[in-house]
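Novice: File my_file_16.cif follows (mmCIF, C-alpha atoms and all ligand atoms; chains and numbers go by the auth columns):
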data_target
loop_
_atom_site.group_PDB
_atom_site.id
_atom_site.type_symbol
_atom_site.label_atom_id
_atom_site.label_comp_id
_atom_site.label_asym_id
_atom_site.label_seq_id
_atom_site.Cartn_x
_atom_site.Cartn_y
_atom_site.Cartn_z
_atom_site.B_iso_or_equiv
_atom_site.auth_seq_id
_atom_site.auth_asym_id
ATOM 1 C CA MET A 1 -99.307 155.973 -146.881 0.00 1 A
ATOM 2 C CA GLN A 2 -98.688 156.557 -150.570 0.00 2 A
ATOM 3 C CA THR A 3 -98.831 152.840 -151.261 0.00 3 A
ATOM 4 C CA ASN A 4 -102.000 152.481 -149.197 0.00 4 A
ATOM 5 C CA LYS A 5 -103.653 155.224 -151.179 0.00 5 A
ATOM 6 C CA LEU A 6 -102.606 153.614 -154.425 0.00 6 A
ATOM 7 C CA ILE A 7 -103.984 150.264 -153.340 0.00 7 A
ATOM 8 C CA CYS A 8 -107.252 151.939 -152.324 0.00 8 A
ATOM 9 C CA ARG A 9 -107.465 153.650 -155.724 0.00 9 A
ATOM 10 C CA LEU A 10 -106.768 150.425 -157.545 0.00 10 A
ATOM 11 C CA GLY A 11 -109.356 148.691 -155.367 0.00 11 A
ATOM 12 C CA ALA A 12 -111.947 151.302 -156.224 0.00 12 A
ATOM 13 C CA ILE A 13 -111.139 151.121 -159.908 0.00 13 A
ATOM 14 C CA GLY A 14 -111.281 147.322 -159.735 0.00 14 A
ATOM 15 C CA SER A 15 -114.720 147.284 -158.158 0.00 15 A
ATOM 16 C CA LEU A 16 -116.014 149.962 -160.509 0.00 16 A
ATOM 17 C CA ALA A 17 -114.865 147.848 -163.407 0.00 17 A
ATOM 18 C CA ILE A 18 -116.634 144.810 -161.967 0.00 18 A
ATOM 19 C CA VAL A 19 -119.842 146.737 -161.349 0.00 19 A
ATOM 20 C CA SER A 20 -119.983 148.149 -164.864 0.00 20 A
ATOM 21 C CA PHE A 21 -119.038 144.768 -166.325 0.00 21 A
ATOM 22 C CA THR A 22 -121.836 142.952 -164.506 0.00 22 A
ATOM 23 C CA SER A 23 -124.392 145.627 -165.292 0.00 23 A
ATOM 24 C CA THR A 24 -123.569 145.382 -168.991 0.00 24 A
ATOM 25 C CA ILE A 25 -123.894 141.618 -169.047 0.00 25 A
ATOM 26 C CA VAL A 26 -127.038 141.671 -166.884 0.00 26 A
ATOM 27 C CA SER A 27 -129.357 143.392 -169.353 0.00 27 A
ATOM 28 C CA ALA A 28 -130.297 146.755 -170.735 0.00 28 A
ATOM 29 C CA ASP A 29 -133.883 145.780 -169.887 0.00 29 A
ATOM 30 C CA TYR A 30 -133.176 146.263 -166.204 0.00 30 A
ATOM 31 C CA PRO A 31 -131.486 149.648 -165.740 0.00 31 A
ATOM 32 C CA ASN A 32 -132.521 149.983 -162.075 0.00 32 A
ATOM 33 C CA VAL A 33 -130.983 146.820 -160.628 0.00 33 A
ATOM 34 C CA GLU A 34 -127.391 145.666 -160.132 0.00 34 A
ATOM 35 C CA SER A 35 -127.875 141.886 -160.183 0.00 35 A
ATOM 36 C CA GLY A 36 -130.782 141.248 -162.490 0.00 36 A
ATOM 37 C CA PRO A 37 -132.160 137.836 -163.461 0.00 37 A
ATOM 38 C CA VAL A 38 -130.199 135.781 -165.986 0.00 38 A
ATOM 39 C CA PHE A 39 -132.137 133.387 -168.208 0.00 39 A
ATOM 40 C CA ASP A 40 -130.732 130.622 -170.398 0.00 40 A
ATOM 41 C CA GLU A 41 -131.786 130.035 -174.010 0.00 41 A
ATOM 42 C CA ARG A 42 -134.664 127.821 -172.817 0.00 42 A
ATOM 43 C CA GLY A 43 -136.013 130.641 -170.645 0.00 43 A
ATOM 44 C CA ARG A 44 -134.929 128.969 -167.403 0.00 44 A
ATOM 45 C CA LEU A 45 -133.725 131.258 -164.619 0.00 45 A
ATOM 46 C CA LEU A 46 -130.142 130.623 -163.549 0.00 46 A
ATOM 47 C CA GLN A 47 -129.704 130.315 -159.797 0.00 47 A
ATOM 48 C CA PRO A 48 -128.962 133.775 -158.375 0.00 48 A
ATOM 49 C CA SER A 49 -125.451 133.192 -157.061 0.00 49 A
ATOM 50 C CA ASN A 50 -124.657 136.186 -154.910 0.00 50 A
ATOM 51 C CA PHE A 51 -128.013 136.870 -153.241 0.00 51 A
ATOM 52 C CA ARG A 52 -126.556 136.736 -149.728 0.00 52 A
ATOM 53 C CA GLU A 53 -124.629 139.892 -150.622 0.00 53 A
ATOM 54 C CA GLY A 54 -127.909 141.704 -151.210 0.00 54 A
ATOM 55 C CA VAL A 55 -130.113 143.327 -148.568 0.00 55 A
ATOM 56 C CA PHE A 56 -131.687 141.011 -145.987 0.00 56 A
ATOM 57 C CA ILE A 57 -135.265 142.229 -145.555 0.00 57 A
ATOM 58 C CA GLY A 58 -136.960 139.731 -143.265 0.00 58 A
ATOM 59 C CA ALA A 59 -137.418 136.206 -141.939 0.00 59 A
ATOM 60 C CA PRO A 60 -141.007 135.001 -141.412 0.00 60 A
ATOM 61 C CA LEU A 61 -141.250 131.696 -139.525 0.00 61 A
ATOM 62 C CA THR A 62 -143.978 129.041 -139.681 0.00 62 A
ATOM 63 C CA PRO A 63 -142.770 126.237 -137.371 0.00 63 A
ATOM 64 C CA HIS A 64 -144.231 122.709 -137.332 0.00 64 A
ATOM 65 C CA ALA A 65 -145.327 123.102 -133.721 0.00 65 A
ATOM 66 C CA LEU A 66 -147.807 125.838 -134.682 0.00 66 A
ATOM 67 C CA ASN A 67 -149.066 123.957 -137.759 0.00 67 A
ATOM 68 C CA ASP A 68 -150.079 120.536 -136.410 0.00 68 A
ATOM 69 C CA GLY A 69 -146.597 119.236 -137.207 0.00 69 A
ATOM 70 C CA LYS A 70 -147.327 119.705 -140.906 0.00 70 A
ATOM 71 C CA ALA A 71 -146.001 123.131 -141.886 0.00 71 A
ATOM 72 C CA GLY A 72 -145.305 123.267 -145.632 0.00 72 A
ATOM 73 C CA PHE A 73 -142.271 125.418 -144.904 0.00 73 A
ATOM 74 C CA PRO A 74 -141.245 124.856 -141.267 0.00 74 A
ATOM 75 C CA GLU A 75 -138.035 126.855 -141.719 0.00 75 A
ATOM 76 C CA PHE A 76 -137.150 130.525 -141.319 0.00 76 A
ATOM 77 C CA HIS A 77 -137.958 132.236 -144.628 0.00 77 A
ATOM 78 C CA ASN A 78 -134.958 134.508 -145.120 0.00 78 A
ATOM 79 C CA VAL A 79 -135.691 137.096 -147.789 0.00 79 A
ATOM 80 C CA TYR A 80 -133.032 139.019 -149.736 0.00 80 A
ATOM 81 C CA VAL A 81 -133.158 141.597 -152.498 0.00 81 A
ATOM 82 C CA ASP A 82 -130.628 143.287 -154.746 0.00 82 A
ATOM 83 C CA ARG A 83 -129.247 146.498 -153.220 0.00 83 A
ATOM 84 C CA ALA A 84 -130.171 148.739 -156.160 0.00 84 A
ATOM 85 C CA ALA A 85 -133.728 147.349 -156.284 0.00 85 A
ATOM 86 C CA TYR A 86 -133.978 147.991 -152.527 0.00 86 A
ATOM 87 C CA ARG A 87 -132.913 151.615 -152.943 0.00 87 A
ATOM 88 C CA HIS A 88 -135.310 152.048 -155.849 0.00 88 A
ATOM 89 C CA PHE A 89 -138.152 150.690 -153.690 0.00 89 A
ATOM 90 C CA GLN A 90 -137.249 153.038 -150.839 0.00 90 A
ATOM 91 C CA ARG A 91 -137.280 156.016 -153.231 0.00 91 A
ATOM 92 C CA THR A 92 -140.386 155.192 -155.241 0.00 92 A
ATOM 93 C CA GLY A 93 -142.360 152.510 -153.365 0.00 93 A
ATOM 94 C CA GLU A 94 -142.141 150.329 -156.476 0.00 94 A
ATOM 95 C CA TRP A 95 -140.076 147.300 -157.411 0.00 95 A
ATOM 96 C CA PRO A 96 -138.118 148.016 -160.611 0.00 96 A
ATOM 97 C CA GLU A 97 -138.071 145.712 -163.630 0.00 97 A
ATOM 98 C CA GLY A 98 -135.500 142.987 -162.997 0.00 98 A
ATOM 99 C CA THR A 99 -136.107 142.800 -159.238 0.00 99 A
ATOM 100 C CA VAL A 100 -135.100 139.382 -157.921 0.00 100 A
ATOM 101 C CA LEU A 101 -136.510 138.445 -154.516 0.00 101 A
ATOM 102 C CA VAL A 102 -134.868 135.409 -152.966 0.00 102 A
ATOM 103 C CA LYS A 103 -136.387 133.405 -150.149 0.00 103 A
ATOM 104 C CA GLU A 104 -133.839 131.017 -148.697 0.00 104 A
ATOM 105 C CA LEU A 105 -135.282 128.555 -146.219 0.00 105 A
ATOM 106 C CA GLN A 106 -133.284 127.854 -143.091 0.00 106 A
ATOM 107 C CA LEU A 107 -134.040 124.973 -140.748 0.00 107 A
ATOM 108 C CA VAL A 108 -134.969 125.521 -137.119 0.00 108 A
ATOM 109 C CA LYS A 109 -132.520 123.908 -134.686 0.00 109 A
ATOM 110 C CA LYS A 110 -133.915 120.730 -133.143 0.00 110 A
ATOM 111 C CA GLY A 111 -136.169 121.574 -130.215 0.00 111 A
ATOM 112 C CA THR A 112 -136.074 120.116 -126.730 0.00 112 A
ATOM 113 C CA PHE A 113 -139.622 121.183 -125.699 0.00 113 A
ATOM 114 C CA ASP A 114 -142.948 119.903 -127.095 0.00 114 A
ATOM 115 C CA ASP A 115 -143.504 123.086 -129.095 0.00 115 A
ATOM 116 C CA GLY A 116 -140.212 122.589 -130.924 0.00 116 A
ATOM 117 C CA SER A 117 -138.460 125.354 -129.009 0.00 117 A
ATOM 118 C CA ARG A 118 -135.186 125.072 -127.123 0.00 118 A
ATOM 119 C CA LEU A 119 -133.289 127.010 -124.533 0.00 119 A
ATOM 120 C CA GLU A 120 -130.304 129.126 -125.493 0.00 120 A
ATOM 121 C CA ALA A 121 -128.379 131.844 -123.650 0.00 121 A
ATOM 122 C CA SER A 122 -130.805 134.495 -124.904 0.00 122 A
ATOM 123 C CA GLY A 123 -133.941 132.622 -123.807 0.00 123 A
ATOM 124 C CA ARG A 124 -136.375 129.958 -124.997 0.00 124 A
ATOM 125 C CA GLY A 125 -137.247 130.084 -128.668 0.00 125 A
ATOM 126 C CA TYR A 126 -136.538 129.004 -132.226 0.00 126 A
ATOM 127 C CA PHE A 127 -132.983 129.204 -133.504 0.00 127 A
ATOM 128 C CA PRO A 128 -131.592 128.959 -137.044 0.00 128 A
ATOM 129 C CA ASP A 129 -129.818 125.851 -138.334 0.00 129 A
ATOM 130 C CA GLU A 130 -128.705 124.800 -141.845 0.00 130 A
ATOM 131 C CA PRO A 131 -130.095 126.323 -145.097 0.00 131 A
ATOM 132 C CA ASN A 132 -132.726 124.106 -146.720 0.00 132 A
ATOM 133 C CA GLY A 133 -134.232 125.483 -149.930 0.00 133 A
ATOM 134 C CA LEU A 134 -134.463 128.315 -152.415 0.00 134 A
ATOM 135 C CA ASP A 135 -137.518 130.064 -153.890 0.00 135 A
ATOM 136 C CA VAL A 136 -137.185 133.078 -156.157 0.00 136 A
ATOM 137 C CA SER A 137 -139.529 135.622 -157.702 0.00 137 A
ATOM 138 C CA VAL A 138 -138.581 137.893 -160.604 0.00 138 A
ATOM 139 C CA LYS A 139 -140.293 141.031 -161.863 0.00 139 A
ATOM 140 C CA ASP A 140 -140.379 141.289 -165.639 0.00 140 A
ATOM 141 C CA SER A 141 -143.659 142.719 -166.872 0.00 141 A
ATOM 142 C CA ARG A 142 -143.242 141.549 -170.443 0.00 142 A
ATOM 143 C CA ARG A 143 -141.872 138.060 -169.867 0.00 143 A
ATOM 144 C CA PHE A 144 -144.383 137.289 -167.103 0.00 144 A
ATOM 145 C CA ALA A 145 -147.330 139.363 -168.346 0.00 145 A
ATOM 146 C CA ALA A 146 -149.682 136.399 -167.828 0.00 146 A
ATOM 147 C CA THR A 147 -149.042 136.429 -164.059 0.00 147 A
ATOM 148 C CA ASP A 148 -149.172 140.196 -163.489 0.00 148 A
ATOM 149 C CA GLY A 149 -145.473 140.754 -164.175 0.00 149 A
ATOM 150 C CA TRP A 150 -143.860 138.310 -161.740 0.00 150 A
ATOM 151 C CA GLY A 151 -142.357 134.886 -162.445 0.00 151 A
ATOM 152 C CA PHE A 152 -141.786 132.313 -159.681 0.00 152 A
ATOM 153 C CA PHE A 153 -139.052 129.685 -159.499 0.00 153 A
ATOM 154 C CA ASN A 154 -138.216 126.853 -157.134 0.00 154 A
ATOM 155 C CA PHE A 155 -134.596 125.671 -156.958 0.00 155 A
ATOM 156 C CA GLY A 156 -135.255 122.831 -154.508 0.00 156 A
ATOM 157 C CA HIS A 157 -136.514 122.295 -150.979 0.00 157 A
ATOM 158 C CA HIS A 158 -133.473 120.580 -149.511 0.00 158 A
ATOM 159 C CA ALA A 159 -129.929 121.284 -148.353 0.00 159 A
ATOM 160 C CA PRO A 160 -127.614 123.070 -150.846 0.00 160 A
ATOM 161 C CA PRO A 161 -126.436 122.697 -153.533 0.00 161 A
ATOM 162 C CA TYR A 162 -129.661 123.989 -155.080 0.00 162 A
ATOM 163 C CA ALA A 163 -130.536 123.468 -158.756 0.00 163 A
ATOM 164 C CA SER A 164 -128.412 125.512 -161.145 0.00 164 A
ATOM 165 C CA ALA A 165 -131.474 126.574 -163.189 0.00 165 A
ATOM 166 C CA ALA A 166 -135.250 126.412 -162.807 0.00 166 A
ATOM 167 C CA GLU A 167 -138.270 126.541 -165.110 0.00 167 A
ATOM 168 C CA VAL A 168 -140.913 129.115 -164.312 0.00 168 A
ATOM 169 C CA ALA A 169 -143.410 127.466 -161.941 0.00 169 A
ATOM 170 C CA PRO A 170 -147.013 126.968 -163.080 0.00 170 A
ATOM 171 C CA ALA A 171 -149.244 129.872 -162.025 0.00 171 A
ATOM 172 C CA GLU A 172 -151.297 127.687 -159.693 0.00 172 A
ATOM 173 C CA ALA A 173 -148.170 126.544 -157.802 0.00 173 A
ATOM 174 C CA CYS A 174 -146.968 130.013 -156.811 0.00 174 A
ATOM 175 C CA ALA A 175 -148.288 133.127 -158.551 0.00 175 A
ATOM 176 C CA ALA A 176 -151.966 132.456 -157.764 0.00 176 A
ATOM 177 C CA CYS A 177 -151.426 132.630 -153.989 0.00 177 A
ATOM 178 C CA HIS A 178 -149.273 135.762 -154.273 0.00 178 A
ATOM 179 C CA GLN A 179 -151.891 137.389 -156.542 0.00 179 A
ATOM 180 C CA ALA A 180 -154.684 136.562 -154.116 0.00 180 A
ATOM 181 C CA ASN A 181 -152.941 137.402 -150.849 0.00 181 A
ATOM 182 C CA ALA A 182 -150.067 139.859 -151.307 0.00 182 A
ATOM 183 C CA HIS A 183 -151.522 143.287 -151.846 0.00 183 A
ATOM 184 C CA ASP A 184 -148.341 145.210 -152.653 0.00 184 A
ATOM 185 C CA ASP A 185 -147.435 144.274 -156.249 0.00 185 A
ATOM 186 C CA MET A 186 -147.647 140.564 -155.307 0.00 186 A
ATOM 187 C CA VAL A 187 -144.933 140.947 -152.646 0.00 187 A
ATOM 188 C CA PHE A 188 -145.676 140.457 -148.928 0.00 188 A
ATOM 189 C CA SER A 189 -144.002 143.776 -148.095 0.00 189 A
ATOM 190 C CA ASP A 190 -145.839 144.099 -144.772 0.00 190 A
ATOM 191 C CA PHE A 191 -143.527 141.459 -143.334 0.00 191 A
ATOM 192 C CA TYR A 192 -140.361 143.245 -144.438 0.00 192 A
ATOM 193 C CA ARG A 193 -140.051 146.178 -142.055 0.00 193 A
ATOM 194 C CA GLN A 194 -136.421 146.645 -143.119 0.00 194 A
ATOM 195 C CA LEU A 195 -137.874 148.240 -146.273 0.00 195 A
ATOM 196 C CA THR A 196 -138.775 151.290 -144.199 0.00 196 A
ATOM 197 C CA PRO A 197 -135.784 153.622 -143.868 0.00 197 A
ATOM 198 C CA LEU A 198 -134.551 154.203 -140.314 0.00 198 A
ATOM 199 C CA PRO A 199 -135.312 157.684 -138.976 0.00 199 A
ATOM 200 C CA THR A 200 -132.270 159.959 -139.028 0.00 200 A
ATOM 201 C CA PRO A 201 -130.672 159.889 -135.564 0.00 201 A
ATOM 202 C CA ALA A 202 -131.014 163.113 -133.588 0.00 202 A
ATOM 203 C CA MET A 203 -127.721 164.994 -133.150 0.00 203 A
ATOM 204 C CA PRO A 204 -126.212 164.252 -129.719 0.00 204 A
HETATM 205 C C1 LIG B . -150.382 129.437 -150.364 0.00 301 B
HETATM 206 C C2 LIG B . -149.707 130.676 -150.650 0.00 301 B
HETATM 207 C C3 LIG B . -148.333 130.706 -151.288 0.00 301 B
HETATM 208 C C4 LIG B . -147.849 129.918 -152.309 0.00 301 B
HETATM 209 C C5 LIG B . -148.547 128.789 -153.036 0.00 301 B
HETATM 210 C C6 LIG B . -146.504 130.388 -152.568 0.00 301 B
HETATM 211 N N1 LIG B . -146.193 131.435 -151.758 0.00 301 B
HETATM 212 FE FE1 LIG B . -144.477 132.507 -151.795 0.00 301 B
HETATM 213 N N2 LIG B . -145.062 133.487 -150.114 0.00 301 B
HETATM 214 C C7 LIG B . -146.273 133.339 -149.476 0.00 301 B
HETATM 215 C C8 LIG B . -146.298 134.163 -148.277 0.00 301 B
HETATM 216 C C9 LIG B . -147.478 134.320 -147.298 0.00 301 B
HETATM 217 C C10 LIG B . -145.048 134.801 -148.209 0.00 301 B
HETATM 218 C C11 LIG B . -144.542 135.769 -147.145 0.00 301 B
HETATM 219 C C12 LIG B . -144.541 135.184 -145.759 0.00 301 B
HETATM 220 C C13 LIG B . -143.738 133.959 -145.602 0.00 301 B
HETATM 221 O O1 LIG B . -142.637 133.829 -146.138 0.00 301 B
HETATM 222 O O2 LIG B . -144.236 133.064 -144.905 0.00 301 B
HETATM 223 C C14 LIG B . -144.290 134.369 -149.397 0.00 301 B
HETATM 224 C C15 LIG B . -143.042 134.847 -149.737 0.00 301 B
HETATM 225 C C16 LIG B . -142.370 134.514 -150.884 0.00 301 B
HETATM 226 C C17 LIG B . -141.150 135.140 -151.326 0.00 301 B
HETATM 227 C C18 LIG B . -140.476 136.338 -150.673 0.00 301 B
HETATM 228 C C19 LIG B . -140.943 137.635 -151.336 0.00 301 B
HETATM 229 C C20 LIG B . -142.417 137.947 -151.179 0.00 301 B
HETATM 230 O O3 LIG B . -143.117 137.948 -152.204 0.00 301 B
HETATM 231 O O4 LIG B . -142.889 138.197 -150.064 0.00 301 B
HETATM 232 C C21 LIG B . -140.758 134.483 -152.453 0.00 301 B
HETATM 233 C C22 LIG B . -139.522 134.771 -153.280 0.00 301 B
HETATM 234 C C23 LIG B . -141.734 133.458 -152.724 0.00 301 B
HETATM 235 N N3 LIG B . -142.727 133.508 -151.762 0.00 301 B
HETATM 236 C C24 LIG B . -141.664 132.566 -153.779 0.00 301 B
HETATM 237 C C25 LIG B . -142.613 131.565 -153.988 0.00 301 B
HETATM 238 C C26 LIG B . -142.465 130.509 -154.974 0.00 301 B
HETATM 239 C C27 LIG B . -141.274 130.334 -155.906 0.00 301 B
HETATM 240 C C28 LIG B . -143.586 129.727 -154.886 0.00 301 B
HETATM 241 C C29 LIG B . -143.913 128.483 -155.648 0.00 301 B
HETATM 242 C C30 LIG B . -142.905 127.442 -155.709 0.00 301 B
HETATM 243 C C31 LIG B . -144.422 130.306 -153.852 0.00 301 B
HETATM 244 N N4 LIG B . -143.812 131.417 -153.341 0.00 301 B
HETATM 245 C C32 LIG B . -145.672 129.821 -153.523 0.00 301 B
HETATM 246 C C33 LIG B . -147.330 132.582 -149.907 0.00 301 B
HETATM 247 C C34 LIG B . -147.277 131.650 -150.930 0.00 301 B
#
Do you think you could lay out the structure here as structure tokens?
Ligand code: HEC
Specialist:
Amino acid sequence: MQTNKLICRLGAIGSLAIVSFTSTIVSADYPNVESGPVFDERGRLLQPSNFREGVFIGAPLTPHALNDGKAGFPEFHNVYVDRAAYRHFQRTGEWPEGTVLVKELQLVKKGTFDDGSRLEASGRGYFPDEPNGLDVSVKDSRRFAATDGWGFFNFGHHAPPYASAAEVAPAEACAACHQANAHDDMVFSDFYRQLTPLPTPAMP
């Protein structure tokens, strides 16, 4: 019991140390996020490495079968965000400086019907296969002032490994569509219902 407690304490101290270490190296510019963006000396964004440990907020899907076989992104669009940025958004309705939104594409398993669907134990539908690409947006109002405070980065549209660093994409490649079509600070929040807190369960 004693030993268990000690191990727990050490564990807690260990993770506290890691948290404070990462938040110091991240940046004083981003006090409201845990894993902020890291840029190299050329201003390229380093690939966010631990995004799958963040909060999973949604997975829009635009399959080939519904887009004349020519969907630009036929995969599931799995979207993740840093836990602290998520909490900040829930509290204030705003994305803090340093928010990193990651969209990892994930292939749809090969279909057996004309519409690309297949049959699994749960029913007929579209089922996830291998990861296949990484797109990232970063909120930094000063660095990306020209595109309303968000920078956009593509780390490859293929199987991992993804690029280790990416240049900011030209405004017309990414930001322009988000500016024109996403009405909540350039993020398509309407698709991410997990941003709405669950109601507190009634006492049994
Ligand atoms: C023609 C419009 C369009 C263009 C161009 C575009 N996006 Fe998006 N993006 C969307 C839409 C719509 C969504 C949400 C629905 C979805 O994923 O299908 C989205 C979602 C995202 C998300 C998830 C967070 C959010 O804002 O909802 C990221 C990250 C993202 N895009 C990055 C990029 C990057 C990087 C580029 C350029 C390489 C890019 N986008 C180009 C329309 C666009």
Novice: Write out, as a Markdown table, each residue of chain A that has an atom at most 6 Å from ligand LIG 301 (chain B), together with the closest pair of atoms and their distance in Å to one decimal, counting all atoms listed in the file, rows going by chain and rising number.
Specialist:
| residue | atom | partner | partner_atom | distance |
| --- | --- | --- | --- | --- |
| A:Pro60 | CA | B:LIG301 | C13 | 5.1 |
| A:His77 | CA | B:LIG301 | O1 | 5.2 |
| A:Val79 | CA | B:LIG301 | C18 | 5.6 |
| A:Leu101 | CA | B:LIG301 | C22 | 4.9 |
| A:Val102 | CA | B:LIG301 | C22 | 4.7 |
| A:Lys103 | CA | B:LIG301 | C22 | 4.6 |
| A:Asp135 | CA | B:LIG301 | C27 | 4.3 |
| A:Val136 | CA | B:LIG301 | C22 | 4.1 |
| A:Ser137 | CA | B:LIG301 | C22 | 4.5 |
| A:Phe152 | CA | B:LIG301 | C27 | 4.3 |
| A:Phe153 | CA | B:LIG301 | C27 | 4.3 |
| A:Asn154 | CA | B:LIG301 | C27 | 4.8 |
| A:Ala173 | CA | B:LIG301 | C29 | 5.1 |
| A:Cys174 | CA | B:LIG301 | C32 | 3.5 |
| A:Cys177 | CA | B:LIG301 | C2 | 4.2 |
| A:His178 | CA | B:LIG301 | C34 | 5.7 |
| A:Val187 | CA | B:LIG301 | O3 | 3.5 |
| A:Phe188 | CA | B:LIG301 | O4 | 3.8 |
Novice: Separation of CA of Glu97 in chain A and CA of Ala163 in chain A, in Å?
Specialist: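 Atom-to-atom, CA of Glu97 in chain A and CA of Ala163 in chain A are spaced 24.0 Å apart.
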Novice: Between CA of Val81 in chain A and CA of Arg52 in chain A, what is the distance, to one decimal in Å?
Specialist: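 Atom-to-atom, CA of Val81 in chain A to CA of Arg52 in chain A, that is 8.7 Å.
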Novice: Can you list every residue of range 100-159 of chain A that has an atom at most 12 Å from range 64-76 of chain A, with its nearest atom pair and the distance in Å to one decimal, using all atoms listed in the file, ordered by chain then number, as CSV?
Specialist:
residue,atom,partner,partner_atom,distance
A:Lys103,CA,A:Phe76,CA,9.3
A:Glu104,CA,A:Phe76,CA,8.1
A:Leu105,CA,A:Glu75,CA,5.5
A:Gln106,CA,A:Phe76,CA,5.0
A:Leu107,CA,A:Glu75,CA,4.5
A:Val108,CA,A:Glu75,CA,5.7
A:Lys109,CA,A:Glu75,CA,9.4
A:Lys110,CA,A:His64,CA,11.3
A:Gly111,CA,A:Ala65,CA,9.9
A:Thr112,CA,A:Ala65,CA,12.0
A:Phe113,CA,A:Ala65,CA,10.0
A:Asp114,CA,A:Ala65,CA,7.7
A:Asp115,CA,A:Ala65,CA,5.0
A:Gly116,CA,A:Ala65,CA,5.9
A:Ser117,CA,A:Ala65,CA,8.6
A:Gly125,CA,A:Ala65,CA,11.8
A:Tyr126,CA,A:Phe76,CA,9.2
A:Phe127,CA,A:Phe76,CA,9.0
A:Pro128,CA,A:Phe76,CA,7.2
A:Asp129,CA,A:Glu75,CA,8.9
A:Glu130,CA,A:Glu75,CA,9.6
A:Pro131,CA,A:Glu75,CA,8.6
A:Asn132,CA,A:Glu75,CA,7.8
A:Gly133,CA,A:Glu75,CA,9.2
A:Leu134,CA,A:Phe73,CA,11.2
A:Asp135,CA,A:Phe73,CA,11.2
A:His157,CA,A:Phe73,CA,8.9
A:His158,CA,A:Glu75,CA,11.0
A:Ala159,CA,A:Glu75,CA,11.9
Novice: Grab the CA of Val33 in chain A to CA of Ala84 in chain A distance for me, in Å with one decimal place.
Specialist: 4.9 Å
